[in-house]
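Notes for the one structure printed next.
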Amino acid sequence: MRLSLEPRVQNSRVMRVVSPLIAAVLTVAFSVVLFTLLGRDPWVALYTYFVGPLDSLYGVGEWLLKAAPLLLIAMGLAVGFRANVWNIGAEGQLTLGAICGGGVALAFYGHGGWWLLPLMVVAAAIGGAAWAAIPAFLKTRLNTNEILTSLMLVYVASHLLQYLVHGPWRNPQGFNFPQTKAFTAWAALPVVVPGTEINIATVATILVVPLGWLLLNRMFLGFQIKVSGLSAGAADYAGFSRSRLVWSTLLLSGALSGLAGLFQVAGPIGMLQPQISPGYGFTAIIVAFLGQLEPVGILLASLLVALLYVGGDQVQIALHLPSAVAGLFQGLLLFLVLGTDVLIRYRVRLRRAPAGEAVDA
Amino acid sequence: MPDSGLVIAVVVATVQAGTPLAMAALGELIVERSGVLNLGVEGMMLMGAVTGFIITVVTHNALLGILAAMGAGMAMAAVFAVLTQVLIANQVATGLALTIFGGGLSAFVGLHYTGISLPELAALPIPWLSALPGVGPALFSFDGLVYVSWALPVLVYWFLYRSRAGLVLRAVGESPDVAHSLGYPVIGIRCLAVLFGGALAGLGGAYLSLAYTPLWQQGMTAGRGWIALALVVFATWRPGLVMVGAYLFGFVTVAQYQGQGMGLNVPTDWLAMLPYLATIVALVLISADRTRVRLNAPASLGRAFHAAT
C-alpha cells in the first residue's frame, strides 16, 4: 500500500475552500504545541491571541486598521501573481507612496483646503506606480527578473526615506528626532468611528474587493491575466501582449501599495518617520496566497492575518513573548497553505501495489 | 597614488564582505542547476547566522557553531524540499515563505542573544605566503572560513563538469523528463541539491555572525541572501564567475564605508543604497543579452516535476 498523487483534470472547487481551512486548523494545532513547549497554557495563549484583541471597540478598530493595508496590497499583488508577474517589492512601493503623498502634505503645510487629501492620494498612487514601473521597464525592455529588481528597490526606498526624515524633511522643532512635522488637519484622514482610529480610507479600502472581482471576471484585461497565468503559450497564440500585462499588473499593484503607504502616514501615524510599516508589503504576499488569489478569499485572509499582528502585540504584553511570534505564525501559515494546496490540483490515492511489484513504502 | 596600506585594507575588507555572498550563491547555483529555484536564501542565511551564534556562545566552540549553522540551513531547506518536491507547491511562493519564516523564527530564537559579542574567528596564516614582506601578513592570514570559500568554487566546478554525479544533476536541471526516463530519481536528486544549498546558505550566515560582525542582530543579513540570488544570474550559473561577482559586490560594500571614512560629502543613506543599485545594474547588464541568459539558464528552472507513473 502506498500513497500517491494523481493530477486532477480540473482543480477541485471543494478543496479550494477546504484546503485553506485545513491550513488554518493545522496552524492552530502547531501553535498549541509551540505555546506548550514555551511553558504557557496554550488555551490562554490562543484566547489572548485570537479573541482578546477583539473584546473592545478600540481593539476591533486596531484590527481593521491593520487588515486594510494588507487587503489593498494583496489585491494588487494577486492580480499580478495570477499572470505570473512576481512583484515582491510592494514594501518599497508602499514607502514611495508614503514619501510622495507625505511630501505633498509637507509642501502645502499651512495652506490647507478640501483639495489637499485628494492631491495626496493621487501623488501616493503615482509614487507607488512609478517605483513599480522600474522593474516593469527592466523586465519588458531589458529582460531583467522582476523578483530581484523589485526586492532590491525595497532597500533603496527604505534608505531614501531614512535620508529624508534624517535630513531635508526633518522637523526643525522636533528635538532632533528623525521625524517630519505632523500633518495638518487638512492632510489627515478623518476618523469615521468615534472611539477608534478607523478612518475614511480604512472603510473605502473594502471597495477593492468588488473592483478586483470585476477586473478578474468581467474585464478583458482580467481574462488576459487568467489565460496567461494558466498557459503562457495559449496567451501568446491568442496574441495577448506579454509586456502590456507586465506593465499593467505592476503599475496596478504599485499604485495600490503606494496608497496603502499614504493611508499609514496620513492615518494612524500622522507624519513621516523612519518606520512606517511593520512589513505589510511582505505579509500581503502571504495574504494573497492564503486567499487563493481570489478577491473574497483575500478579504477573509487579510482579516485573519491582521489578527495575527494584533494578537502578536497582545501576546507580547500579556504573556511576555516576543512579538516575533507573529512572523513565525505568518510563515507557518503560508507553508501550510502552500502545502495543502496540493489537494486542489491533485487527488491523494491510497494504492495497493500490483502483484509482482516490490512494495517500497 | 593611494598608499599601499589603504589598498591592502580595502582588499582584505572586500574579501571579507564577499565571502558570505560567495558561499550562499555557490549553494544556490547547485540548487538552480538541478532545476529548482529557492528564493529562501535570505531566510536560510538568517537561521544559519542565529544558530551558529547561539551554539558558539553556549559551547565556546566556533567549529560546532559553524556545523550547527549548516544544519539549520539544511533543516530550513528540508522544509522547502518537502513542500516543493513532494507536495509540488509553487517554488516562488514557497521560497518567499521560507524567507518570511526564517526572519520570524531567527528573531524569536535569538531574542536573548542580541547585544552579546563574540571574539572574532582566529586567523589562520598560510605558511610561506603570510611571511611575504609587506602584503603577506595582511593578505594571507584570513580566518579558516575564507579559505573554505576559496576551495568551494573549485569543488563545485569539479563536481559539475568533471564528475558523473554532476552530469546527472545538470541533466535533471535541463530536462527532468529525460533524466526520469533514464531511471534517475529526479525528485531525490533535487532534494539533495536543495539541502546542499541550505547548508551553504547556513554557512554564509555563520560567516556573518561569527566572523564578519561577531554578534547577532535581527535581520542582520540585510538582503545578502537576495544579492546572492542575483549573483547566480549575474554569473550565468558558472561557479568561477560567482566568485568574481561576490568580490565585486564585496568591493561596492567596502567602497561605501571607505567613502564615509574619507569624508566624502555624500549622505550615508545614499551610499548605503549602492550595493542594491549595483545589483540591479549588474542584473540588467547580464540579462539584456537574452540569448546568453537562455543558453546558460537551466532549462527547467523553477518548474515543478511530477512523474506520470
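Letters A, B, ... mark the chains of the C-alpha cells in the order given; residue numbers begin at 1 per chain; ligand numbers begin at 1, in order shown.
With only C-alpha atoms taken into account, chain A has Leu142, Asn143, Thr144, Thr149, Met152, Val156, His159, Tyr163, Ala324, Gly327, Leu328, Gly331, Leu338, Gly339 and Val342 of chain A at most 6 Å from chain B.
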Would you list the contacts of A:Leu304 as a short mmCIF file (atom, residue, chain, number, x, y, z; two decimals) with C-alpha atoms, in the first residue's frame, taking every protein, DNA or RNA residue within 12 Å and counting only C-alpha atoms, but skipping same-chain residues closer than 6 positions in sequence?
data_model
loop_
_atom_site.label_atom_id
_atom_site.label_comp_id
_atom_site.auth_asym_id
_atom_site.auth_seq_id
_atom_site.Cartn_x
_atom_site.Cartn_y
_atom_site.Cartn_z
CA PRO A 20 -7.09 26.94 3.42
CA LEU A 21 -9.32 25.85 6.31
CA ALA A 24 -5.68 27.36 9.40
CA THR A 27 -1.62 26.38 12.24
CA TYR A 49 -4.05 35.78 20.57
CA PHE A 50 -7.29 35.45 18.66
CA VAL A 51 -10.14 36.63 20.91
CA TRP A 63 -7.66 45.03 13.87
CA LEU A 64 -9.41 46.64 10.88
CA LYS A 66 -4.14 46.55 10.08
CA ALA A 67 -6.36 44.50 7.77
CA ALA A 68 -6.96 47.41 5.37
CA LEU A 70 -2.98 44.08 3.75
CA LEU A 71 -6.19 43.85 1.71
CA THR A 283 2.92 39.99 4.67
CA ALA A 284 0.50 40.84 1.84
CA ILE A 286 1.01 35.61 2.43
CA VAL A 287 -2.46 37.15 2.38
CA ALA A 288 -2.69 36.84 -1.41
CA LEU A 290 -3.94 32.37 1.71
CA GLY A 291 -6.88 33.95 -0.13
CA GLY A 297 -10.65 34.96 -0.22
CA ILE A 298 -8.16 37.82 0.11
CA VAL A 310 -2.81 42.46 16.70
CA GLY A 311 -2.72 39.19 18.64
CA ALA A 326 3.66 36.87 14.78
CA PHE A 329 2.90 32.17 12.67
CA GLN A 330 2.69 34.04 9.38
CA LEU A 333 0.51 29.61 7.92
#
Counting only C-alpha atoms, the option among B:Ala49, B:His112, B:Ala25, B:Pro20 closest to B:Leu67: B:Ala49
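Near B:Ala81, within a cut-off of 9 Å and counting only C-alpha atoms, sit the residues Met76, Ala77, Gln85, Val86, Leu87, Arg190, Cys191, Leu192, Val194 and Leu195 of chain B, with same-chain residues fewer than 4 positions away left out.
Here atom CA of B:Gly27 stands at a distance of 19.0 Å from atom CA of B:Gly65.
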